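Student: Below is structure-v5.tsv; it holds TSV, C-alpha atoms.
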```tsv
chain	number	residue	atom	x	y	z
A	859	MET	CA	58.97	-81.94	63.09
A	860	ASN	CA	57.44	-80.22	66.06
A	861	ALA	CA	59.46	-77.98	68.36
A	862	ALA	CA	59.70	-80.41	71.29
A	863	ARG	CA	60.98	-83.26	69.13
A	864	LYS	CA	63.42	-80.98	67.38
A	865	GLN	CA	64.80	-79.84	70.71
A	866	ARG	CA	65.18	-83.41	71.94
A	867	LEU	CA	66.87	-84.41	68.68
A	868	ILE	CA	69.34	-81.53	68.94
A	869	LEU	CA	70.03	-82.41	72.57
A	870	VAL	CA	70.57	-86.09	71.83
A	871	VAL	CA	72.74	-85.44	68.79
A	872	SER	CA	74.90	-82.95	70.66
A	873	ILE	CA	75.36	-85.39	73.58
A	874	LEU	CA	76.38	-88.11	71.16
A	875	VAL	CA	78.71	-85.91	69.11
A	876	GLY	CA	80.32	-84.63	72.32
A	877	LEU	CA	80.80	-88.14	73.67
A	878	ALA	CA	82.11	-89.43	70.36
A	879	ILE	CA	84.69	-86.62	70.24
A	880	ALA	CA	85.64	-87.27	73.88
A	881	CYS	CA	86.05	-91.00	73.18
A	882	GLY	CA	88.00	-90.29	70.02
A	883	LEU	CA	90.42	-88.00	71.85
A	884	MET	CA	90.80	-90.48	74.69
A	885	PHE	CA	91.43	-93.30	72.27
A	886	TYR	CA	93.98	-91.15	70.44
A	887	ALA	CA	95.73	-90.08	73.63
A	888	LEU	CA	95.88	-93.63	75.00
A	889	ARG	CA	96.74	-95.15	71.65
A	890	GLN	CA	100.17	-96.22	72.86
A	891	ASN	CA	98.70	-97.96	75.89
A	892	ILE	CA	95.87	-99.56	73.96
A	893	ASN	CA	98.35	-101.16	71.56
A	894	LEU	CA	98.81	-104.69	72.81
A	895	PHE	CA	102.51	-104.81	71.97
A	896	PHE	CA	105.59	-102.92	70.82
A	897	THR	CA	106.88	-103.62	67.31
A	898	PRO	CA	110.58	-104.36	66.62
A	899	GLN	CA	110.81	-100.95	64.96
A	900	GLN	CA	109.68	-99.26	68.19
A	901	VAL	CA	112.08	-101.37	70.23
A	902	MET	CA	115.01	-100.39	67.98
A	903	ALA	CA	113.96	-96.74	68.16
A	904	GLY	CA	114.14	-96.95	71.94
A	905	GLU	CA	110.43	-96.36	72.50
A	906	ALA	CA	110.05	-99.53	74.55
A	907	PRO	CA	111.20	-99.44	78.18
A	908	LEU	CA	114.02	-101.72	79.32
A	909	GLU	CA	113.62	-104.15	82.22
A	910	THR	CA	109.85	-103.69	82.40
A	911	GLN	CA	107.12	-106.25	81.88
A	912	MET	CA	105.73	-105.67	78.40
A	913	ARG	CA	104.75	-107.34	75.15
A	914	VAL	CA	106.44	-107.31	71.77
A	915	GLY	CA	104.95	-108.48	68.51
A	916	GLY	CA	106.25	-109.22	65.04
A	917	LEU	CA	107.23	-111.99	62.65
A	918	VAL	CA	109.55	-114.87	63.47
A	919	GLU	CA	112.43	-114.43	61.01
A	920	GLU	CA	112.84	-117.30	58.54
A	921	GLY	CA	115.66	-119.63	59.54
A	922	SER	CA	116.30	-117.94	62.86
A	923	VAL	CA	114.78	-120.48	65.25
A	924	VAL	CA	117.37	-122.28	67.36
A	925	ARG	CA	116.15	-125.00	69.70
A	926	ASP	CA	118.28	-126.44	72.44
A	927	GLN	CA	118.55	-130.21	72.08
A	928	GLU	CA	118.35	-131.01	75.81
A	929	THR	CA	116.09	-128.35	77.29
A	930	LEU	CA	113.02	-126.40	76.26
A	931	ASP	CA	115.16	-123.35	75.51
A	932	VAL	CA	114.37	-121.74	72.21
A	933	GLN	CA	115.74	-118.64	70.59
A	934	PHE	CA	114.55	-116.78	67.52
A	935	VAL	CA	114.71	-113.39	65.85
A	936	LEU	CA	111.65	-111.18	65.87
A	937	THR	CA	111.35	-108.77	62.97
A	938	ASP	CA	108.95	-106.44	61.22
A	939	GLY	CA	111.22	-105.54	58.34
A	940	LYS	CA	112.24	-102.31	60.03
A	941	GLY	CA	113.79	-103.67	63.18
A	942	ARG	CA	114.97	-106.99	64.59
A	943	PHE	CA	116.07	-108.43	67.90
A	944	THR	CA	116.53	-111.79	69.55
A	945	VAL	CA	113.87	-113.39	71.73
A	946	HIS	CA	114.77	-116.06	74.24
A	947	TYR	CA	112.06	-118.34	75.66
A	948	GLN	CA	111.92	-121.40	77.82
A	949	GLY	CA	108.75	-123.42	77.52
A	950	ILE	CA	106.29	-124.98	75.12
A	951	LEU	CA	105.44	-122.94	72.05
A	952	PRO	CA	101.88	-122.80	70.65
A	953	ASP	CA	101.02	-125.07	67.73
A	954	LEU	CA	100.87	-122.23	65.27
A	955	PHE	CA	104.40	-121.07	66.11
A	956	ARG	CA	106.59	-121.38	63.03
A	957	GLU	CA	109.06	-119.37	61.01
A	958	GLY	CA	107.42	-116.51	59.18
A	959	GLN	CA	104.53	-116.55	61.66
A	960	GLY	CA	103.32	-113.50	63.57
A	961	ILE	CA	103.68	-113.83	67.33
A	962	VAL	CA	103.20	-111.78	70.48
A	963	ALA	CA	105.61	-112.36	73.36
A	964	ASN	CA	105.19	-111.26	76.95
A	965	GLY	CA	108.33	-110.63	78.97
A	966	THR	CA	111.10	-108.11	79.53
A	967	LEU	CA	113.57	-106.37	77.30
A	968	ILE	CA	117.08	-107.03	78.69
A	969	SER	CA	118.77	-104.84	76.13
A	970	ARG	CA	117.84	-103.23	72.81
A	971	ASN	CA	118.43	-106.51	71.02
A	972	ARG	CA	117.51	-109.15	73.55
A	973	PHE	CA	114.06	-109.98	74.87
A	974	GLU	CA	113.46	-112.52	77.61
A	975	ALA	CA	109.97	-113.99	77.01
A	976	GLU	CA	107.81	-115.62	79.67
A	977	GLU	CA	104.93	-116.34	77.34
A	978	VAL	CA	104.75	-116.67	73.56
A	979	LEU	CA	101.42	-116.37	71.75
A	980	ALA	CA	100.86	-117.07	68.07
A	981	LYS	CA	98.95	-114.59	65.99
A	982	HIS	CA	97.15	-115.87	62.96
A	983	ASP	CA	95.98	-113.91	59.98
A	984	GLU	CA	92.52	-113.49	58.54
A	985	THR	CA	93.20	-115.90	55.66
A	986	TYR	CA	91.46	-119.27	55.61
A	987	MET	CA	91.90	-121.88	52.90
A	988	PRO	CA	92.08	-125.65	52.47
A	989	PRO	CA	95.59	-127.22	52.49
A	990	GLU	CA	95.24	-128.24	48.82
A	991	VAL	CA	94.69	-124.64	47.80
A	992	GLN	CA	97.74	-123.61	49.83
A	993	ASP	CA	99.81	-126.32	48.08
A	994	ALA	CA	98.60	-125.22	44.67
A	995	LEU	CA	99.41	-121.58	45.44
A	996	GLU	CA	102.87	-122.56	46.62
A	997	LYS	CA	103.54	-124.64	43.50
A	998	ALA	CA	102.42	-121.78	41.29
A	999	GLY	CA	104.84	-119.53	43.16
A	1000	HIS	CA	102.07	-117.21	44.25
A	1001	PRO	CA	103.53	-114.40	46.35
A	1002	GLY	CA	100.81	-114.71	48.97
A	1003	ALA	CA	101.24	-118.45	49.39
A	1004	LYS	CA	103.89	-118.75	52.03
A	1005	LYS	CA	103.13	-115.63	53.93
A	1006	GLY	CA	103.45	-114.97	57.59
A	1007	SER	CA	100.73	-113.86	59.87
A	1008	GLU	CA	101.08	-110.10	60.01
A	1009	GLN	CA	98.70	-108.20	57.79
B	546	MET	CA	51.86	-98.33	60.27
B	547	LEU	CA	54.39	-100.55	62.01
B	548	GLY	CA	54.40	-97.85	64.65
B	549	SER	CA	50.99	-99.01	65.79
B	550	PRO	CA	51.23	-101.88	68.30
B	551	ARG	CA	48.01	-103.39	67.03
B	552	TYR	CA	49.17	-103.36	63.43
B	553	PHE	CA	52.53	-104.80	64.48
B	554	TYR	CA	50.77	-107.64	66.26
B	555	THR	CA	48.75	-108.75	63.23
B	556	PHE	CA	51.68	-108.15	60.90
B	557	SER	CA	54.03	-110.31	62.99
B	558	SER	CA	51.37	-113.05	63.21
B	559	ARG	CA	51.57	-113.29	59.44
B	560	VAL	CA	55.37	-113.11	59.20
B	561	LEU	CA	56.41	-115.54	61.97
B	562	PRO	CA	54.93	-118.80	60.58
B	563	TRP	CA	57.25	-118.69	57.56
B	564	LEU	CA	60.16	-116.68	58.95
B	565	THR	CA	60.76	-119.13	61.82
B	566	PRO	CA	61.26	-122.28	59.69
B	567	ILE	CA	63.35	-120.35	57.15
B	568	ALA	CA	65.62	-119.05	59.93
B	569	LEU	CA	66.07	-122.47	61.55
B	570	LEU	CA	66.68	-124.25	58.25
B	571	THR	CA	69.20	-121.65	57.05
B	572	LEU	CA	71.12	-121.78	60.31
B	573	ALA	CA	71.06	-125.60	60.41
B	574	ALA	CA	72.21	-125.83	56.79
B	575	GLY	CA	75.03	-123.34	57.36
B	576	LEU	CA	76.23	-125.04	60.54
B	577	VAL	CA	76.12	-128.60	59.17
B	578	TRP	CA	77.86	-127.51	55.97
B	579	GLY	CA	80.50	-125.58	57.86
B	580	LEU	CA	81.13	-127.99	60.72
B	581	ALA	CA	80.96	-131.25	58.81
B	582	PHE	CA	81.58	-130.65	55.10
B	583	ALA	CA	83.74	-127.55	54.63
B	584	PRO	CA	87.46	-128.30	54.15
B	585	ALA	CA	89.96	-127.96	57.01
B	586	ASP	CA	92.22	-124.91	57.18
B	587	TYR	CA	95.84	-125.09	55.97
B	588	GLN	CA	97.20	-123.67	59.24
B	589	GLN	CA	94.65	-124.35	61.95
B	590	GLY	CA	93.26	-127.66	60.74
B	591	ASN	CA	89.84	-128.37	62.17
B	592	SER	CA	89.98	-125.94	65.08
B	593	TYR	CA	89.13	-123.05	62.76
B	594	ARG	CA	85.60	-124.50	62.43
B	595	ILE	CA	84.49	-122.60	65.50
B	596	ILE	CA	84.43	-119.63	63.10
B	597	PHE	CA	81.00	-120.87	61.96
B	598	ILE	CA	79.65	-120.05	65.41
B	599	HIS	CA	82.00	-117.26	66.50
B	600	VAL	CA	81.60	-114.94	63.53
B	601	PRO	CA	77.80	-115.23	63.18
B	602	ALA	CA	77.39	-114.63	66.93
B	603	SER	CA	79.75	-111.64	66.96
B	604	SER	CA	78.22	-110.02	63.89
B	605	GLY	CA	74.73	-110.63	65.29
B	606	ALA	CA	75.69	-108.99	68.58
B	607	LEU	CA	77.09	-105.94	66.76
B	608	MET	CA	74.17	-105.54	64.37
B	609	GLY	CA	71.71	-106.07	67.19
B	610	TYR	CA	73.37	-103.27	69.11
B	611	MET	CA	73.09	-100.93	66.11
B	612	ALA	CA	69.36	-101.73	65.96
B	613	LEU	CA	69.17	-101.11	69.71
B	614	GLY	CA	70.79	-97.69	69.21
B	615	VAL	CA	68.35	-96.74	66.47
B	616	SER	CA	65.41	-97.85	68.65
B	617	GLY	CA	66.87	-95.75	71.44
B	618	LEU	CA	67.06	-92.68	69.21
B	619	VAL	CA	63.46	-93.08	68.03
B	620	ALA	CA	62.24	-93.80	71.55
B	621	VAL	CA	63.97	-90.75	73.03
B	622	VAL	CA	63.28	-88.21	70.29
B	623	TRP	CA	59.96	-89.32	68.79
B	624	ARG	CA	58.65	-91.22	71.84
B	625	MET	CA	57.24	-93.93	69.59
B	626	LYS	CA	55.73	-96.81	71.53
B	627	MET	CA	56.98	-99.48	69.18
B	628	ALA	CA	60.53	-98.15	69.52
B	629	GLU	CA	60.21	-98.58	73.29
B	630	VAL	CA	58.97	-102.13	72.75
B	631	MET	CA	61.91	-102.82	70.42
B	632	LEU	CA	64.37	-101.39	72.93
B	633	LYS	CA	63.22	-104.06	75.33
B	634	SER	CA	62.97	-106.90	72.78
B	635	ILE	CA	66.30	-106.52	70.99
B	636	ALA	CA	68.61	-106.55	74.02
B	637	PRO	CA	68.38	-110.10	75.51
B	638	PHE	CA	69.28	-112.08	72.38
B	639	GLY	CA	72.05	-109.60	71.58
B	640	ALA	CA	73.50	-110.01	75.06
B	641	ALA	CA	73.42	-113.80	74.65
B	642	LEU	CA	75.22	-113.53	71.30
B	643	ALA	CA	77.88	-111.23	72.77
B	644	ALA	CA	78.45	-113.80	75.52
B	645	ILE	CA	78.64	-116.63	72.97
B	646	SER	CA	81.11	-114.59	70.95
B	647	LEU	CA	83.37	-114.11	73.99
B	648	VAL	CA	83.19	-117.76	75.06
B	649	THR	CA	83.78	-119.22	71.57
B	650	GLY	CA	86.55	-116.67	71.04
B	651	ALA	CA	88.28	-117.83	74.21
B	652	LEU	CA	87.89	-121.49	73.23
B	653	TRP	CA	89.32	-120.72	69.82
B	654	GLY	CA	92.12	-118.61	71.24
B	655	LYS	CA	93.57	-121.34	73.44
B	656	PRO	CA	94.53	-123.82	70.68
B	657	THR	CA	95.56	-121.19	68.11
B	658	TRP	CA	97.03	-118.24	69.99
B	659	GLY	CA	97.94	-120.14	73.13
B	660	THR	CA	95.75	-118.10	75.48
B	661	TYR	CA	92.07	-117.85	76.43
B	662	TRP	CA	92.17	-114.14	77.03
B	663	GLN	CA	94.34	-111.09	76.49
B	664	TRP	CA	93.34	-107.54	77.24
B	665	ASP	CA	93.69	-106.45	73.64
B	666	ALA	CA	91.45	-103.78	72.13
B	667	ARG	CA	89.13	-106.14	70.24
B	668	MET	CA	88.46	-108.46	73.17
B	669	THR	CA	88.11	-105.70	75.73
B	670	SER	CA	85.70	-103.67	73.59
B	671	MET	CA	83.65	-106.81	72.94
B	672	LEU	CA	83.44	-107.39	76.70
B	673	ILE	CA	82.25	-103.78	77.06
B	674	LEU	CA	79.59	-104.48	74.41
B	675	LEU	CA	78.26	-107.30	76.61
B	676	PHE	CA	78.22	-104.92	79.59
B	677	MET	CA	76.35	-102.29	77.54
B	678	TYR	CA	73.70	-104.87	76.65
B	679	VAL	CA	73.40	-105.91	80.28
B	680	GLY	CA	73.21	-102.24	81.31
B	681	VAL	CA	70.35	-101.54	78.91
B	682	ILE	CA	68.47	-104.61	80.16
B	683	ALA	CA	69.10	-103.75	83.82
B	684	LEU	CA	68.09	-100.12	83.42
B	685	GLN	CA	64.76	-101.15	81.97
B	686	ALA	CA	64.26	-103.60	84.80
B	687	VAL	CA	64.86	-101.14	87.64
B	688	ILE	CA	62.72	-98.23	86.39
B	689	ARG	CA	59.05	-98.98	87.08
B	690	ASP	CA	57.41	-96.69	84.54
B	691	PRO	CA	58.02	-98.30	81.10
B	692	ARG	CA	58.06	-94.94	79.30
B	693	GLN	CA	60.66	-93.43	81.59
B	694	ALA	CA	62.62	-96.66	81.51
B	695	ALA	CA	62.68	-96.50	77.72
B	696	ARG	CA	64.06	-92.95	77.73
B	697	ALA	CA	66.88	-93.80	80.12
B	698	ALA	CA	67.72	-97.08	78.40
B	699	GLY	CA	67.42	-95.41	75.00
B	700	LEU	CA	70.05	-92.86	75.88
B	701	LEU	CA	72.37	-95.58	77.18
B	702	ALA	CA	71.78	-97.63	74.03
B	703	MET	CA	72.72	-94.67	71.82
B	704	VAL	CA	75.88	-93.91	73.77
B	705	GLY	CA	76.93	-97.55	73.41
B	706	VAL	CA	76.91	-97.28	69.63
B	707	ILE	CA	80.28	-95.50	69.94
B	708	ASN	CA	81.64	-98.76	71.36
B	709	VAL	CA	80.31	-100.72	68.37
B	710	VAL	CA	82.48	-98.53	66.13
B	711	ILE	CA	85.45	-99.23	68.40
B	712	VAL	CA	84.83	-103.00	68.27
B	713	LYS	CA	84.66	-102.90	64.49
B	714	TYR	CA	87.79	-100.85	63.87
B	715	SER	CA	89.90	-101.85	66.90
B	716	VAL	CA	91.83	-104.37	64.79
B	717	GLU	CA	92.74	-101.67	62.27
B	718	TRP	CA	93.50	-98.73	64.54
B	719	VAL	CA	95.75	-100.38	67.11
B	720	GLN	CA	97.95	-103.46	67.47
B	721	THR	CA	95.90	-106.41	68.66
B	722	LEU	CA	96.34	-110.13	69.05
B	723	HIS	CA	93.08	-110.59	67.18
B	724	GLN	CA	93.51	-110.64	63.42
B	725	GLY	CA	91.76	-108.27	61.03
B	726	SER	CA	88.41	-108.86	59.35
B	727	THR	CA	88.17	-111.81	56.99
B	728	LEU	CA	84.88	-110.88	55.38
B	729	LYS	CA	85.13	-107.50	53.73
B	730	MET	CA	82.20	-105.40	52.66
B	731	PHE	CA	84.28	-103.98	49.82
B	732	GLY	CA	87.04	-105.91	48.14
B	733	GLU	CA	87.90	-109.57	48.24
B	734	SER	CA	87.40	-111.64	51.37
B	735	THR	CA	90.43	-113.62	52.45
B	736	ILE	CA	88.63	-116.91	52.84
B	737	ASP	CA	88.26	-119.76	50.40
B	738	PRO	CA	84.78	-119.92	48.77
B	739	ALA	CA	84.32	-123.47	50.12
B	740	MET	CA	84.46	-121.96	53.63
B	741	LYS	CA	82.91	-118.59	52.85
B	742	TYR	CA	79.51	-119.80	51.67
B	743	PRO	CA	78.71	-121.95	54.72
B	744	LEU	CA	79.90	-119.04	56.87
B	745	LEU	CA	77.61	-116.57	55.10
B	746	LEU	CA	74.74	-119.05	55.37
B	747	SER	CA	75.25	-119.50	59.12
B	748	MET	CA	75.42	-115.73	59.56
B	749	LEU	CA	72.20	-115.18	57.62
B	750	GLY	CA	70.49	-117.98	59.55
B	751	LEU	CA	71.49	-116.57	62.92
B	752	TRP	CA	70.43	-113.03	61.96
B	753	LEU	CA	67.03	-114.36	60.87
B	754	LEU	CA	66.73	-116.30	64.12
B	755	TYR	CA	67.54	-113.06	65.96
B	756	ALA	CA	64.71	-111.35	64.05
B	757	VAL	CA	62.33	-114.17	65.01
B	758	ASN	CA	63.33	-113.81	68.66
B	759	VAL	CA	62.83	-110.02	68.57
B	760	LEU	CA	59.36	-110.41	66.99
B	761	LEU	CA	58.31	-112.99	69.60
B	762	ARG	CA	59.54	-110.84	72.48
B	763	ALA	CA	57.96	-107.71	71.02
B	764	ARG	CA	54.60	-109.48	70.68
B	765	THR	CA	54.59	-110.41	74.35
B	766	GLU	CA	55.63	-106.89	75.30
B	767	VAL	CA	52.92	-105.34	73.10
B	768	LEU	CA	50.24	-107.55	74.67
B	769	TRP	CA	51.39	-106.60	78.16
B	770	ARG	CA	51.52	-102.88	77.42
B	771	GLU	CA	48.16	-102.89	75.64
B	772	ARG	CA	46.50	-105.25	78.10
B	773	ARG	CA	43.83	-102.67	78.93
B	774	SER	CA	43.02	-101.88	75.31
B	775	LYS	CA	39.93	-103.12	73.52
B	776	TRP	CA	41.70	-105.03	70.75
B	777	VAL	CA	43.64	-107.15	73.20
B	778	SER	CA	40.63	-108.04	75.35
B	779	LYS	CA	38.67	-108.81	72.20
B	780	ARG	CA	41.42	-111.17	71.04
B	781	VAL	CA	41.54	-112.84	74.42
B	782	LYS	CA	37.76	-113.31	74.50
B	783	GLU	CA	37.75	-114.78	71.02
B	784	GLY	CA	40.53	-117.13	72.06
B	785	GLU	CA	42.95	-115.88	69.38
B	786	HIS	CA	46.67	-115.67	69.88
```
Please lay out the structure from this file as structure tokens.

Tutor:
Amino acid sequence: MNAARKQRLILVVSILVGLAIACGLMFYALRQNINLFFTPQQVMAGEAPLETQMRVGGLVEEGSVVRDQETLDVQFVLTDGKGRFTVHYQGILPDLFREGQGIVANGTLISRNRFEAEEVLAKHDETYMPPEVQDALEKAGHPGAKKGSEQ
Amino acid sequence: MLGSPRYFYTFSSRVLPWLTPIALLTLAAGLVWGLAFAPADYQQGNSYRIIFIHVPASSGALMGYMALGVSGLVAVVWRMKMAEVMLKSIAPFGAALAAISLVTGALWGKPTWGTYWQWDARMTSMLILLFMYVGVIALQAVIRDPRQAARAAGLLAMVGVINVVIVKYSVEWVQTLHQGSTLKMFGESTIDPAMKYPLLLSMLGLWLLYAVNVLLRARTEVLWRERRSKWVSKRVKEGEH
């Protein structure tokens, strides 16, 4: 390689390495803000601010969904295995909302164990299969068959 | 050899007649198989079928950007003419794919997640990828001298590769609404084979179509840049394409 090219290569590589490091550090420093939501564990640990607009994400606990018969009020427990709290929501839930499903809720934390949601979004996992396969897995008692949405 | 515009021109004349039909047929087969014949999903029903457009478009946009970055490196360091031509030819189709990825993602997000858009890391970095593509195209358009334009755009293209890494790993590094990768380079993919094969076929078809588009654009660009050369005027006189 001739001298001019070598110099340009060194220059370009050092610019890129410098920028990559800068981006990496920025990403690391802002990690908490880049995360779309707080997990129940973080909420329990007091890392999430009270009475501030924010998002929480986790799994809807099995058997915890309580729907009001007259209104659109719904209440369920959000968990990630390490923490749990109650979410209250008034409105129409997305089609994919079900027990065991991963969801992200936007709203405010009233107390450490009560979240008032204004918007509930369903997460879905990266697994795709036909219903028959799902049925077969469930019948065979496969552990992955009736799984929620969180990875 | 491929570094010579003239050689590239004759080489691409030989490749295009068979690459074009293969690309179109592969893409058509993958899409028809996926959209009409693949089974429905156990959770999402038929709405998951947009995956057969969304994933090929997204992967094409990401791979195209990697190729753009490599062209940028070669154009800036080695000043190869063909790398400059590639820098100009790769960007437009990639930008279109990034846009398709964002639009199909939004359309898919509404019925499944319940929202068209959230500022999560995957979606935001994908939007930045579209802006990077547009930036590379715009930079080449505003600088008159094609060689200087290539150096500036090449540098921008290389810098943008950092963002490609962020797009790829955003779903693993931070909490996002977007789920993780279904197709895994190593290890088992979490998709039923009846859905995986049409998906892979659509991806391959779209990548090939991308290659066809890049070759066509590069040929036009080569002719324009070499318009004063003997081989081009000879071709024109002899009425060849």

Student: Which residues of chain B have any atom within 10 Å of an atom in chain A when counting only C-alpha atoms, and what is the closest pair of atoms for each, with the distance in Å to one decimal? Order the rows by chain and rising number and write it as JSON lines.

Tutor:
```
{"residue": "B:Ala583", "atom": "CA", "partner": "A:Pro988", "partner_atom": "CA", "distance": 8.8}
{"residue": "B:Pro584", "atom": "CA", "partner": "A:Pro988", "partner_atom": "CA", "distance": 5.6}
{"residue": "B:Ala585", "atom": "CA", "partner": "A:Pro988", "partner_atom": "CA", "distance": 5.5}
{"residue": "B:Asp586", "atom": "CA", "partner": "A:Pro988", "partner_atom": "CA", "distance": 4.8}
{"residue": "B:Tyr587", "atom": "CA", "partner": "A:Pro989", "partner_atom": "CA", "distance": 4.1}
{"residue": "B:Gln588", "atom": "CA", "partner": "A:Leu954", "partner_atom": "CA", "distance": 7.2}
{"residue": "B:Gln589", "atom": "CA", "partner": "A:Leu954", "partner_atom": "CA", "distance": 7.4}
{"residue": "B:Gly590", "atom": "CA", "partner": "A:Pro989", "partner_atom": "CA", "distance": 8.6}
{"residue": "B:Tyr593", "atom": "CA", "partner": "A:Tyr986", "partner_atom": "CA", "distance": 8.4}
{"residue": "B:Leu618", "atom": "CA", "partner": "A:Val870", "partner_atom": "CA", "distance": 7.9}
{"residue": "B:Val619", "atom": "CA", "partner": "A:Leu867", "partner_atom": "CA", "distance": 9.3}
{"residue": "B:Val621", "atom": "CA", "partner": "A:Arg866", "partner_atom": "CA", "distance": 7.5}
{"residue": "B:Val622", "atom": "CA", "partner": "A:Arg866", "partner_atom": "CA", "distance": 5.4}
{"residue": "B:Trp623", "atom": "CA", "partner": "A:Arg863", "partner_atom": "CA", "distance": 6.2}
{"residue": "B:Arg624", "atom": "CA", "partner": "A:Arg863", "partner_atom": "CA", "distance": 8.7}
{"residue": "B:Gly654", "atom": "CA", "partner": "A:Ala980", "partner_atom": "CA", "distance": 9.4}
{"residue": "B:Lys655", "atom": "CA", "partner": "A:Pro952", "partner_atom": "CA", "distance": 8.9}
{"residue": "B:Pro656", "atom": "CA", "partner": "A:Asp953", "partner_atom": "CA", "distance": 7.2}
{"residue": "B:Thr657", "atom": "CA", "partner": "A:Leu954", "partner_atom": "CA", "distance": 6.1}
{"residue": "B:Trp658", "atom": "CA", "partner": "A:Ala980", "partner_atom": "CA", "distance": 4.4}
{"residue": "B:Gly659", "atom": "CA", "partner": "A:Leu979", "partner_atom": "CA", "distance": 5.3}
{"residue": "B:Thr660", "atom": "CA", "partner": "A:Leu979", "partner_atom": "CA", "distance": 7.0}
{"residue": "B:Gln663", "atom": "CA", "partner": "A:Leu894", "partner_atom": "CA", "distance": 8.6}
{"residue": "B:Trp664", "atom": "CA", "partner": "A:Leu894", "partner_atom": "CA", "distance": 7.6}
{"residue": "B:Asp665", "atom": "CA", "partner": "A:Leu894", "partner_atom": "CA", "distance": 5.5}
{"residue": "B:Ala666", "atom": "CA", "partner": "A:Ile892", "partner_atom": "CA", "distance": 6.4}
{"residue": "B:Leu700", "atom": "CA", "partner": "A:Val870", "partner_atom": "CA", "distance": 7.9}
{"residue": "B:Met703", "atom": "CA", "partner": "A:Leu874", "partner_atom": "CA", "distance": 7.5}
{"residue": "B:Val704", "atom": "CA", "partner": "A:Leu874", "partner_atom": "CA", "distance": 6.4}
{"residue": "B:Gly705", "atom": "CA", "partner": "A:Leu874", "partner_atom": "CA", "distance": 9.7}
{"residue": "B:Val706", "atom": "CA", "partner": "A:Leu874", "partner_atom": "CA", "distance": 9.3}
{"residue": "B:Ile707", "atom": "CA", "partner": "A:Ala878", "partner_atom": "CA", "distance": 6.4}
{"residue": "B:Asn708", "atom": "CA", "partner": "A:Cys881", "partner_atom": "CA", "distance": 9.1}
{"residue": "B:Ile711", "atom": "CA", "partner": "A:Phe885", "partner_atom": "CA", "distance": 9.3}
{"residue": "B:Ser715", "atom": "CA", "partner": "A:Ile892", "partner_atom": "CA", "distance": 9.5}
{"residue": "B:Val716", "atom": "CA", "partner": "A:Asn893", "partner_atom": "CA", "distance": 9.9}
{"residue": "B:Glu717", "atom": "CA", "partner": "A:Gln1009", "partner_atom": "CA", "distance": 9.9}
{"residue": "B:Trp718", "atom": "CA", "partner": "A:Arg889", "partner_atom": "CA", "distance": 8.6}
{"residue": "B:Val719", "atom": "CA", "partner": "A:Asn893", "partner_atom": "CA", "distance": 5.2}
{"residue": "B:Gln720", "atom": "CA", "partner": "A:Asn893", "partner_atom": "CA", "distance": 4.7}
{"residue": "B:Thr721", "atom": "CA", "partner": "A:Leu894", "partner_atom": "CA", "distance": 5.4}
{"residue": "B:Leu722", "atom": "CA", "partner": "A:Lys981", "partner_atom": "CA", "distance": 6.0}
{"residue": "B:His723", "atom": "CA", "partner": "A:Lys981", "partner_atom": "CA", "distance": 7.2}
{"residue": "B:Gln724", "atom": "CA", "partner": "A:Asp983", "partner_atom": "CA", "distance": 5.4}
{"residue": "B:Gly725", "atom": "CA", "partner": "A:Glu984", "partner_atom": "CA", "distance": 5.8}
{"residue": "B:Ser726", "atom": "CA", "partner": "A:Glu984", "partner_atom": "CA", "distance": 6.2}
{"residue": "B:Thr727", "atom": "CA", "partner": "A:Glu984", "partner_atom": "CA", "distance": 4.9}
{"residue": "B:Leu728", "atom": "CA", "partner": "A:Glu984", "partner_atom": "CA", "distance": 8.7}
{"residue": "B:Ser734", "atom": "CA", "partner": "A:Thr985", "partner_atom": "CA", "distance": 8.4}
{"residue": "B:Thr735", "atom": "CA", "partner": "A:Thr985", "partner_atom": "CA", "distance": 4.8}
{"residue": "B:Ile736", "atom": "CA", "partner": "A:Tyr986", "partner_atom": "CA", "distance": 4.6}
{"residue": "B:Asp737", "atom": "CA", "partner": "A:Met987", "partner_atom": "CA", "distance": 4.9}
{"residue": "B:Pro738", "atom": "CA", "partner": "A:Met987", "partner_atom": "CA", "distance": 8.5}
{"residue": "B:Ala739", "atom": "CA", "partner": "A:Met987", "partner_atom": "CA", "distance": 8.2}
{"residue": "B:Met740", "atom": "CA", "partner": "A:Met987", "partner_atom": "CA", "distance": 7.5}
{"residue": "B:Lys741", "atom": "CA", "partner": "A:Tyr986", "partner_atom": "CA", "distance": 9.0}
```

Student: What's the separation between CA of Met677 in chain B and CA of Thr649 in chain B, in Å to one decimal place?

Tutor: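 Between CA of Met677 in chain B and CA of Thr649 in chain B the gap is 19.4 Å.
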
Student: Using CA of Glu919 in chain A and CA of Ala906 in chain A as the two end points, give the distance in Å to one decimal.

Tutor: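 So the answer is 20.3 Å.
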
Student: May I ask for the distance between CA of Ala695 in chain B and CA of Arg764 in chain B, given in Å to one decimal place?

Tutor: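 Atom-to-atom, CA of Ala695 in chain B and CA of Arg764 in chain B are spaced 16.8 Å apart.
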
Student: Taking all atoms listed in the file into account, which of B:Val767, B:Leu632, B:Leu761, B:Ile596 comes nearest Leu564 in chain B?

Tutor: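 That would be B:Leu761, the residue with the smallest distance to Leu564 in chain B.
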
Student: Which polymer residues have any atom within 9 Å of an atom of Thr966 in chain A, counting all atoms listed in the file, with same-chain residues fewer than 4 positions away left out, as number ranges by chain?

Tutor: A: 907-913, 972-976

Student: Using all atoms listed in the file, which protein or nucleic acid residues come within 9 Å of Met608 in chain B? Drop anything in the same chain fewer than 6 positions from it, and give the result as a VMD selection string.

Tutor: chain B and resid 639 709 752
